[in-house]
$ cat upload_11.pdb   # PDB, C-alpha atoms
ATOM      1  CA  MET Z   1     -17.641   5.109  42.926
ATOM      2  CA  GLN Z   2     -19.631   8.018  41.536
ATOM      3  CA  LEU Z   3     -18.605   9.161  38.029
ATOM      4  CA  THR Z   4     -19.397  12.474  36.419
ATOM      5  CA  VAL Z   5     -21.228  12.594  33.124
ATOM      6  CA  GLN Z   6     -18.019  13.644  31.331
ATOM      7  CA  ALA Z   7     -15.929  10.868  32.913
ATOM      8  CA  ASN Z   8     -18.588   8.292  32.100
ATOM      9  CA  GLY Z   9     -18.643   9.472  28.481
ATOM     10  CA  LYS Z  10     -14.860   9.224  28.219
ATOM     11  CA  ILE Z  11     -14.883   5.680  29.591
ATOM     12  CA  GLU Z  12     -17.690   4.657  27.228
ATOM     13  CA  ARG Z  13     -15.773   6.138  24.280
ATOM     14  CA  TYR Z  14     -12.631   4.245  25.324
ATOM     15  CA  HIS Z  15     -14.607   0.993  25.482
ATOM     16  CA  ARG Z  16     -16.050   1.687  22.026
ATOM     17  CA  THR Z  17     -12.529   2.281  20.688
ATOM     18  CA  ILE Z  18     -11.279  -0.989  22.195
ATOM     19  CA  LYS Z  19     -14.221  -2.865  20.691
ATOM     20  CA  SER Z  20     -13.937  -1.349  17.216
ATOM     21  CA  ASP Z  21     -10.122  -1.210  16.912
ATOM     22  CA  CYS Z  22      -9.086  -4.259  18.937
ATOM     23  CA  ILE Z  23     -11.637  -6.888  19.867
ATOM     24  CA  ARG Z  24     -13.814  -7.084  16.739
ATOM     25  CA  PRO Z  25     -10.949  -7.045  14.202
ATOM     26  CA  GLY Z  26      -8.840  -9.416  16.334
ATOM     27  CA  THR Z  27     -11.688 -11.887  17.044
ATOM     28  CA  PRO Z  28     -10.228 -13.520  20.161
ATOM     29  CA  LEU Z  29     -11.042 -17.217  20.481
ATOM     30  CA  SER Z  30     -10.303 -17.542  24.182
ATOM     31  CA  LEU Z  31     -10.076 -15.416  27.309
ATOM     32  CA  GLU Z  32      -6.261 -15.517  27.167
ATOM     33  CA  ASP Z  33      -6.348 -14.438  23.528
ATOM     34  CA  ALA Z  34      -8.669 -11.525  24.418
ATOM     35  CA  ARG Z  35      -6.373 -10.460  27.263
ATOM     36  CA  ARG Z  36      -3.356 -10.580  24.959
ATOM     37  CA  LEU Z  37      -5.141  -8.498  22.296
ATOM     38  CA  VAL Z  38      -6.322  -5.877  24.800
ATOM     39  CA  GLU Z  39      -2.882  -5.711  26.434
ATOM     40  CA  GLU Z  40      -1.216  -5.100  23.048
ATOM     41  CA  PHE Z  41      -3.852  -2.509  22.163
ATOM     42  CA  VAL Z  42      -3.464  -0.618  25.454
ATOM     43  CA  ARG Z  43       0.331  -0.595  25.032
ATOM     44  CA  GLN Z  44       0.031   0.721  21.478
ATOM     45  CA  TYR Z  45      -2.683   3.220  22.505
ATOM     46  CA  ASN Z  46      -0.579   4.682  25.319
ATOM     47  CA  GLU Z  47       2.962   4.396  23.938
ATOM     48  CA  SER Z  48       2.806   4.911  20.176
ATOM     49  CA  ARG Z  49      -0.557   6.340  19.133
ATOM     50  CA  LEU Z  50      -0.585  10.134  18.803
ATOM     51  CA  HIS Z  51      -3.579  11.805  20.473
ATOM     52  CA  SER Z  52      -4.988  15.023  19.033
ATOM     53  CA  ALA Z  53      -6.429  16.195  22.365
ATOM     54  CA  ILE Z  54      -2.949  16.427  23.909
ATOM     55  CA  GLY Z  55      -1.139  17.979  20.934
ATOM     56  CA  TYR Z  56      -0.394  14.874  18.853
ATOM     57  CA  VAL Z  57       1.931  13.271  21.376
ATOM     58  CA  THR Z  58       1.545   9.904  23.064
ATOM     59  CA  PRO Z  59       0.050   9.722  26.556
ATOM     60  CA  LEU Z  60       3.355   8.254  27.778
ATOM     61  CA  ASP Z  61       5.289  11.276  26.449
ATOM     62  CA  LYS Z  62       2.779  13.584  28.123
ATOM     63  CA  LEU Z  63       3.022  11.667  31.392
ATOM     64  CA  LEU Z  64       6.839  11.796  31.347
ATOM     65  CA  GLY Z  65       6.835  15.528  30.533
ATOM     66  CA  ARG Z  66       8.442  15.169  27.110
ATOM     67  CA  GLU Z  67       5.753  17.079  25.207
ATOM     68  CA  LEU Z  68       7.569  20.441  25.410
ATOM     69  CA  ALA Z  69      10.725  18.939  23.899
ATOM     70  CA  ILE Z  70       8.622  17.297  21.165
ATOM     71  CA  PHE Z  71       6.854  20.592  20.424
ATOM     72  CA  ALA Z  72      10.202  22.433  20.281
ATOM     73  CA  ALA Z  73      11.633  19.825  17.880
ATOM     74  CA  ARG Z  74       8.541  20.151  15.666
ATOM     75  CA  ASP Z  75       8.855  23.930  15.656
ATOM     76  CA  ARG Z  76      12.551  23.679  14.685
ATOM     77  CA  LYS Z  77      11.724  21.298  11.822
ATOM     78  CA  LEU Z  78       8.890  23.533  10.596
ATOM     79  CA  GLU Z  79      11.111  26.617  10.715
ATOM     80  CA  GLU Z  80      13.866  24.776   8.816
ATOM     81  CA  ALA Z  81      11.373  23.658   6.154
ATOM     82  CA  ARG Z  82      10.010  27.218   5.901
ATOM     83  CA  ARG Z  83      13.540  28.599   5.475
ATOM     84  CA  LYS Z  84      14.365  26.013   2.773
ATOM     85  CA  ARG Z  85      11.173  26.853   0.867
ATOM     86  CA  GLN Z  86      12.040  30.564   0.947
ATOM     87  CA  GLU Z  87      15.571  29.839  -0.308
ATOM     88  CA  ASN Z  88      14.234  27.617  -3.089
ATOM     89  CA  ARG Z  89      11.723  30.288  -4.146
ATOM     90  CA  ALA Z  90      14.431  32.972  -4.176
ATOM     91  CA  ARG Z  91      16.769  30.715  -6.183
ATOM     92  CA  ARG Z  92      14.011  29.885  -8.682
ATOM     93  CA  ARG Z  93      13.069  33.541  -9.099
ATOM     94  CA  ALA Z  94      16.715  34.546  -9.563
ATOM     95  CA  GLY Z  95      17.105  31.869 -12.231
ATOM     96  CA  ASN Z  96      13.894  32.981 -13.935
ATOM     97  CA  SER Z  97      14.778  36.637 -14.458
ATOM     98  CA  TRP Z  98      12.926  36.498 -17.777
ATOM     99  CA  TYR Z  99       9.717  35.891 -15.834
ATOM    100  CA  THR Z 100       8.714  39.304 -14.491
ATOM    101  CA  THR Z 101       7.240  40.045 -11.102
ATOM    102  CA  ASP Z 102       4.073  41.291 -12.786
ATOM    103  CA  ALA Z 103       3.647  38.023 -14.636
ATOM    104  CA  TRP Z 104       4.367  36.086 -11.457
ATOM    105  CA  THR Z 105       1.651  37.904  -9.505
ATOM    106  CA  GLU Z 106      -0.825  37.239 -12.297
ATOM    107  CA  ASP Z 107       0.039  33.558 -12.639
ATOM    108  CA  ARG Z 108       0.947  32.545  -9.106
ATOM    109  CA  THR Z 109      -2.442  30.969  -8.476
ATOM    110  CA  THR Z 110      -2.257  28.817 -11.585
ATOM    111  CA  VAL Z 111       1.431  27.897 -11.757
ATOM    112  CA  GLY Z 112       1.717  24.222 -10.939
ATOM    113  CA  THR Z 113      -1.958  23.505 -11.508
ATOM    114  CA  GLU Z 114      -2.574  24.925 -14.974
ATOM    115  CA  PRO Z 115      -0.080  23.669 -17.585
ATOM    116  CA  SER Z 116      -0.559  26.743 -19.780
ATOM    117  CA  ALA Z 117       0.541  29.040 -16.933
ATOM    118  CA  VAL Z 118       3.925  27.365 -16.518
ATOM    119  CA  PRO Z 119       6.441  29.289 -18.641
ATOM    120  CA  GLY Z 120       8.044  27.040 -21.218
ATOM    121  CA  PRO Z 121      11.422  27.312 -22.964
ATOM    122  CA  GLU Z 122       9.967  29.670 -25.588
ATOM    123  CA  ALA Z 123       9.551  32.353 -22.907
ATOM    124  CA  ARG Z 124      13.281  32.467 -22.170
ATOM    125  CA  PRO Z 125      15.419  34.961 -24.090
ATOM    126  CA  GLY Z 126      17.202  33.027 -26.809
ATOM    127  CA  GLY Z 127      15.019  30.012 -26.087
ATOM    128  CA  LEU Z 128      12.985  27.976 -28.492
ATOM    129  CA  THR Z 129      10.600  29.718 -30.819
ATOM    130  CA  PRO Z 130       6.965  28.860 -30.390
ATOM    131  CA  PRO Z 131       5.678  26.275 -32.845
ATOM    132  CA  CYS Z 132       4.049  27.658 -35.975
ATOM    133  CA  PHE Z 133       0.938  25.840 -37.076
ATOM    134  CA  PRO Z 134      -0.532  26.402 -40.539
ATOM    135  CA  SER Z 135      -4.032  27.810 -40.773
ATOM    136  CA  PRO Z 136      -6.631  25.074 -41.105
ATOM    137  CA  ASN Z 137      -8.137  24.417 -44.499
ATOM    138  CA  LEU Z 138     -11.634  25.797 -43.996
ATOM    139  CA  SER Z 139     -13.078  23.652 -46.775
ATOM    140  CA  LEU Z 140     -12.401  20.600 -44.617
ATOM    141  CA  LEU Z 141     -14.536  21.857 -41.764
ATOM    142  CA  ALA Z 142     -18.068  20.462 -41.657
ATOM    143  CA  GLN Z 143     -19.871  23.794 -41.379
ATOM    144  CA  SER Z 144     -17.675  25.838 -43.708
ATOM    145  CA  ASP Z 145     -19.519  25.165 -46.970
ATOM    146  CA  LYS Z 146     -23.126  26.240 -46.553
ATOM    147  CA  SER Z 147     -24.010  25.441 -50.169
ATOM    148  CA  GLN Z 148     -24.145  21.757 -49.292
ATOM    149  CA  GLY Z 149     -27.254  20.347 -47.678
ATOM    150  CA  ALA Z 150     -27.405  18.557 -44.373
ATOM    151  CA  TRP Z 151     -26.270  15.241 -45.880
ATOM    152  CA  GLY Z 152     -23.790  16.585 -48.402
ATOM    153  CA  THR Z 153     -26.372  16.949 -51.146
ATOM    154  CA  ALA Z 154     -27.100  20.157 -52.949
ATOM    155  CA  SER Z 155     -29.576  22.407 -51.197
ATOM    156  CA  PRO Z 156     -32.848  22.972 -52.983
ATOM    157  CA  THR Z 157     -32.995  26.484 -54.331
TER     158      THR Z 157
END
$ encode --input "upload_11.pdb" --output "structure tokens"
Amino acid sequence: MQLTVQANGKIERYHRTIKSDCIRPGTPLSLEDARRLVEEFVRQYNESRLHSAIGYVTPLDKLLGRELAIFAARDRKLEEARRKRQENRARRRAGNSWYTTDAWTEDRTTVGTEPSAVPGPEARPGGLTPPCFPSPNLSLLAQSDKSQGAWGTASPT
């Protein structure tokens, strides 16, 4: 039987996958044990493992012609999730009428990742007032008093 270069490569890749995912991790101790391991692997490979080359469906689903139904179900689920996200965004924006569209466009890249960009209760009308912190006592800062020397001693004049 003459194989093409592409077919030979596919077979070699399949053998490598069986070796790396089945035989070496399973370490069969007998011929029967090896047959059992390979049989389980082939069943899992064909019936439950999703393959990217055929659209993330199993080879069995592809063989039985179920891939179109699977794709349609995925599309329905994605559309439903998209619709729910849009509803949630609209509901959040309606509830946050104090947060203007201009502010949203400026902060949309940082909301959720930058804590300072998330509007807190002080931004709401009638909400909390921002905390008021007293000015620091500048005499306590290390560099504020230049009359002292490097080690707290008087500078030579």
$ atom_distance --input "upload_11.pdb" --atom1 "atom CA of Z:Ala69" --atom2 "atom CA of Z:Ala53"
17.4 Å
$ atom_distance --input "upload_11.pdb" --atom1 "atom CA of Z:Glu39" --atom2 "atom CA of Z:Gly65"
23.7 Å
$ atom_distance --input "upload_11.pdb" --atom1 "atom CA of Z:Arg85" --atom2 "atom CA of Z:Val57"
26.3 Å
$ axis_aligned_box --input "upload_11.pdb" --around "stretch 1-9 of chain Z" --padding-each-side "3 Å" --output "JSON"
{"center_x": -18.6, "center_y": 9.4, "center_z": 35.7, "size_x": 11.3, "size_y": 14.5, "size_z": 20.4}
$ closest_residue --input "upload_11.pdb" --among "Z:Lys84, Z:Val42, Z:Ile70, Z:Ser30" --to "Z:Gly55" --atoms "only C-alpha atoms"
Z:Ile70
